[in-house]
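Input: a single structure, listed below in structure tokens.
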Amino acid sequence: MDSFMEALLSEKTGKIPDAYDWFAPLIGDWDFEYHDGYHTDALRTVKGEWIFRRVLNGAGIEDLFICPSRETMKSDPQPDGEYGMAIRMFNAKEKCYDMTYTCEKYMTRLRFVQDGGKLIGTVMDDPFQKWIFSDIQAETFHWQNVTVLENGEWQVNSNVYAKRRK
């Protein structure tokens with residue numbers, strides 16, 4: 001194996017306490033349907049893939065977000081598609097995860113907390129923007145991008161419905 005990959009990928013080492021290993025159920029390969037365009041006349045569904053791994057001697061969780069999927073990039077190209085990656089590191093002092101997501105178009109920093117079975121990431125530069133993992137099961141999970149409106153309601157911008165790849 002390539003030395004970079006050997007140094008990057010890792011097994012669980014105890015650096016993240018079990019009680020805070022919130023992203024462990026996501027480790028693996030997932031296929032998903034991405035839905036957006038809710039507040040427009042252009043509702044859309046795109047097939048994608050999401051790959052999660054433990055990294056950096058067990059201190060973090062990294063993922064690759066690929067939408068449209070590699071399988072459908074040519075047959076269903078999306079001009080605004082994303083091929084991005086995130087790194088989330090457990091913040092022992094704050095008992096949360098600090099995360100950076102980057103793709104060709106932008107970079108976003110978030111802080112994730114657990115609340116009622118949901119993993120809620122708040123965008124650091126815009127606390128009205130949230131990324132939420134919910135309904136995390138062995139074979140499925142749900143992800144949302146939401147905006148918190150002035151009245152406190154959450155407006156869904158996009159949904160991901162993921163199924164573990166067999």
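We name chains A, B, ... following the order of the structure tokens; residues begin at 1 in each chain, and ligands are numbered from 1 as shown.
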task = as a VMD selection string, list the residues of chain A assigned to strand (DSSP E) by DSSP on the backbone atoms of this structure.
result = chain A and resid 28 to 36 44 to 55 60 to 67 82 to 91 96 to 102 107 to 115 118 to 123 129 to 134 140 to 148 154 to 164
Write out as a PyMOL selection string which residues come within 12 Å of range 46-48 of chain A when counting only C-alpha atoms, dropping same-chain ones fewer than 5 positions away.
-> chain A and resi 29-37+64-73+75-84+158-163+165
Selection above as a file: N, CA and C atoms, as a short mmCIF file (atom, residue, chain, number, x, y, z; two decimals), in the first residue's frame:
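In the end it all went to result-v1.cif:
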```
data_model
loop_
_atom_site.label_atom_id
_atom_site.label_comp_id
_atom_site.auth_asym_id
_atom_site.auth_seq_id
_atom_site.Cartn_x
_atom_site.Cartn_y
_atom_site.Cartn_z
N ASP A 29 -19.12 2.42 2.97
CA ASP A 29 -19.45 2.96 1.65
C ASP A 29 -20.96 3.02 1.50
N TRP A 30 -21.45 4.14 1.01
CA TRP A 30 -22.89 4.40 0.91
C TRP A 30 -23.25 4.89 -0.49
N ASP A 31 -24.39 4.47 -0.98
CA ASP A 31 -25.02 5.04 -2.17
C ASP A 31 -26.17 5.90 -1.68
N PHE A 32 -26.46 6.98 -2.40
CA PHE A 32 -27.55 7.83 -1.93
C PHE A 32 -28.30 8.48 -3.09
N GLU A 33 -29.48 8.99 -2.71
CA GLU A 33 -30.24 9.87 -3.57
C GLU A 33 -30.22 11.25 -2.93
N TYR A 34 -29.80 12.24 -3.71
CA TYR A 34 -29.73 13.63 -3.28
C TYR A 34 -30.94 14.35 -3.87
N HIS A 35 -31.67 15.05 -3.03
CA HIS A 35 -32.87 15.79 -3.47
C HIS A 35 -32.69 17.26 -3.13
N ASP A 36 -32.95 18.13 -4.10
CA ASP A 36 -32.93 19.57 -3.82
C ASP A 36 -33.90 20.28 -4.76
N GLY A 37 -33.86 21.60 -4.73
CA GLY A 37 -34.76 22.41 -5.56
C GLY A 37 -36.14 22.57 -4.96
N LEU A 64 -15.58 11.19 1.73
CA LEU A 64 -15.62 11.68 0.36
C LEU A 64 -17.07 11.74 -0.05
N PHE A 65 -17.51 12.89 -0.53
CA PHE A 65 -18.88 13.11 -1.00
C PHE A 65 -18.80 13.27 -2.51
N ILE A 66 -19.46 12.36 -3.23
CA ILE A 66 -19.36 12.34 -4.69
C ILE A 66 -20.77 12.39 -5.27
N CYS A 67 -21.10 13.51 -5.92
CA CYS A 67 -22.45 13.70 -6.44
C CYS A 67 -22.38 14.55 -7.71
N PRO A 68 -22.68 13.99 -8.87
CA PRO A 68 -23.23 12.66 -9.08
C PRO A 68 -22.18 11.58 -8.84
N SER A 69 -22.66 10.36 -8.66
CA SER A 69 -21.77 9.23 -8.39
C SER A 69 -20.82 9.02 -9.57
N ARG A 70 -19.72 8.35 -9.31
CA ARG A 70 -18.77 8.05 -10.38
C ARG A 70 -19.44 7.23 -11.48
N GLU A 71 -20.37 6.37 -11.09
CA GLU A 71 -21.08 5.53 -12.06
C GLU A 71 -21.99 6.34 -12.97
N THR A 72 -22.53 7.46 -12.46
CA THR A 72 -23.51 8.22 -13.25
C THR A 72 -22.99 9.57 -13.73
N MET A 73 -21.72 9.90 -13.48
CA MET A 73 -21.19 11.21 -13.87
C MET A 73 -21.34 11.50 -15.36
N SER A 75 -23.46 9.79 -17.58
CA SER A 75 -24.84 9.67 -18.06
C SER A 75 -25.75 10.74 -17.47
N ASP A 76 -25.39 11.29 -16.32
CA ASP A 76 -26.23 12.30 -15.66
C ASP A 76 -25.35 13.42 -15.09
N PRO A 77 -24.60 14.12 -15.95
CA PRO A 77 -23.70 15.17 -15.42
C PRO A 77 -24.52 16.29 -14.78
N GLN A 78 -23.96 16.86 -13.74
CA GLN A 78 -24.60 17.97 -13.02
C GLN A 78 -23.59 19.13 -12.99
N PRO A 79 -23.91 20.25 -13.62
CA PRO A 79 -22.94 21.35 -13.65
C PRO A 79 -22.54 21.85 -12.27
N ASP A 80 -23.43 21.67 -11.28
CA ASP A 80 -23.12 22.12 -9.93
C ASP A 80 -22.78 20.94 -9.01
N GLY A 81 -22.47 19.80 -9.59
CA GLY A 81 -22.12 18.62 -8.79
C GLY A 81 -20.90 18.88 -7.92
N GLU A 82 -20.74 18.02 -6.91
CA GLU A 82 -19.60 18.18 -6.00
C GLU A 82 -18.84 16.88 -5.86
N TYR A 83 -17.53 17.01 -5.86
CA TYR A 83 -16.61 15.93 -5.54
C TYR A 83 -15.78 16.53 -4.42
N GLY A 84 -16.20 16.27 -3.17
CA GLY A 84 -15.57 16.93 -2.04
C GLY A 84 -15.15 15.98 -0.94
N SER A 158 -31.84 20.73 1.12
CA SER A 158 -31.55 19.48 0.41
C SER A 158 -31.59 18.31 1.39
N ASN A 159 -31.88 17.14 0.84
CA ASN A 159 -31.93 15.88 1.59
C ASN A 159 -31.06 14.85 0.92
N VAL A 160 -30.44 14.02 1.72
CA VAL A 160 -29.75 12.83 1.22
C VAL A 160 -30.34 11.64 1.96
N TYR A 161 -30.74 10.63 1.19
CA TYR A 161 -31.21 9.36 1.74
C TYR A 161 -30.21 8.30 1.31
N ALA A 162 -29.44 7.81 2.28
CA ALA A 162 -28.32 6.91 1.99
C ALA A 162 -28.62 5.47 2.39
N LYS A 163 -28.08 4.55 1.59
CA LYS A 163 -28.14 3.12 1.88
C LYS A 163 -26.74 2.55 1.80
N ARG A 165 -23.73 0.40 0.94
CA ARG A 165 -23.40 -0.40 -0.24
C ARG A 165 -23.12 -1.83 0.20
#
```
Can you list, as an MDAnalysis selection string, every residue of chain A that DSSP puts in helix (DSSP H, G or I)? chainID A and resid 3:8 18:20 24:26
May I have the selected residues written with C-alpha atoms, as a PDB file, in the first residue's frame?
```
ATOM      1  CA  SER A   3       2.791   5.128   2.406  1.00  0.00           C
ATOM      2  CA  PHE A   4       0.418   8.126   2.308  1.00  0.00           C
ATOM      3  CA  MET A   5      -2.603   5.820   2.463  1.00  0.00           C
ATOM      4  CA  GLU A   6      -0.988   3.762   5.250  1.00  0.00           C
ATOM      5  CA  ALA A   7      -0.447   6.918   7.309  1.00  0.00           C
ATOM      6  CA  LEU A   8      -3.898   8.342   6.548  1.00  0.00           C
ATOM      7  CA  ASP A  18     -16.746   5.496  22.845  1.00  0.00           C
ATOM      8  CA  ALA A  19     -19.403   7.871  24.213  1.00  0.00           C
ATOM      9  CA  TYR A  20     -18.392  10.450  21.581  1.00  0.00           C
ATOM     10  CA  ALA A  24     -18.654   5.401  13.803  1.00  0.00           C
ATOM     11  CA  PRO A  25     -21.946   4.017  12.408  1.00  0.00           C
ATOM     12  CA  LEU A  26     -21.279   5.904   9.158  1.00  0.00           C
TER      13      LEU A  26
END
```
Can you list, as a PyMOL selection string, every protein, DNA or RNA residue that comes within 8 Å of Gln144 in chain A when you count only C-alpha atoms, leaving out same-chain residues fewer than 2 positions away? chain A and resi 130-133+142+146+156-160
Selection above as a file: N, CA and C atoms, as a compact mmCIF listing (two decimals), in the first residue's frame:
```
# COMPACT_ATOMS: atom_id res chain seq x y z
N LYS A 130 -27.24 24.79 8.82
CA LYS A 130 -26.99 23.55 9.57
C LYS A 130 -26.90 22.37 8.60
N TRP A 131 -26.06 21.41 8.94
CA TRP A 131 -25.97 20.11 8.26
C TRP A 131 -26.31 19.07 9.31
N ILE A 132 -27.27 18.22 9.03
CA ILE A 132 -27.81 17.31 10.05
C ILE A 132 -27.79 15.87 9.57
N PHE A 133 -27.18 15.00 10.38
CA PHE A 133 -27.28 13.56 10.18
C PHE A 133 -28.34 13.05 11.16
N HIS A 142 -30.03 9.53 7.07
CA HIS A 142 -30.63 10.69 6.43
C HIS A 142 -29.74 11.89 6.75
N VAL A 146 -30.04 22.56 6.06
CA VAL A 146 -31.18 23.40 6.44
C VAL A 146 -30.72 24.83 6.73
N VAL A 156 -35.72 23.21 4.85
CA VAL A 156 -34.87 22.19 4.24
C VAL A 156 -34.45 22.64 2.84
N ASN A 157 -33.14 22.67 2.60
CA ASN A 157 -32.59 23.03 1.30
C ASN A 157 -32.30 21.79 0.46
N SER A 158 -31.84 20.73 1.12
CA SER A 158 -31.55 19.48 0.41
C SER A 158 -31.59 18.31 1.39
N ASN A 159 -31.88 17.14 0.84
CA ASN A 159 -31.93 15.88 1.59
C ASN A 159 -31.06 14.85 0.92
N VAL A 160 -30.44 14.02 1.72
CA VAL A 160 -29.75 12.83 1.22
C VAL A 160 -30.34 11.64 1.96
```
One decimal place gives the CA of Ser10 in chain A-CA of Ile61 in chain A separation as 9.6 Å
Need the shell around Thr122 in chain A: protein/DNA/RNA residues with any atom at most 12 Å away, counting only C-alpha atoms. Skip same-chain ones fewer than 3 positions apart. Format as a ChimeraX atom specification? /A:96-100,108-114,119,125-133,144-148
Could you state the separation of CA of Gly58 in chain A and CA of Ala138 in chain A in Å, given to one decimal place?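 If I compute the distance from CA of Gly58 in chain A to CA of Ala138 in chain A, I get 20.8 Å.
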Work out how far apart CA of Phe90 in chain A and CA of Asn57 in chain A are and give it in Å to one decimal.
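Interatomic distance, CA of Phe90 in chain A to CA of Asn57 in chain A: 12.5 Å.
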The residue from A:Asp41, A:Asp115, A:Asp135, A:Glu62 with the smallest atom-to-atom distance to Ala86 in chain A, counting only C-alpha atoms, is A:Glu62
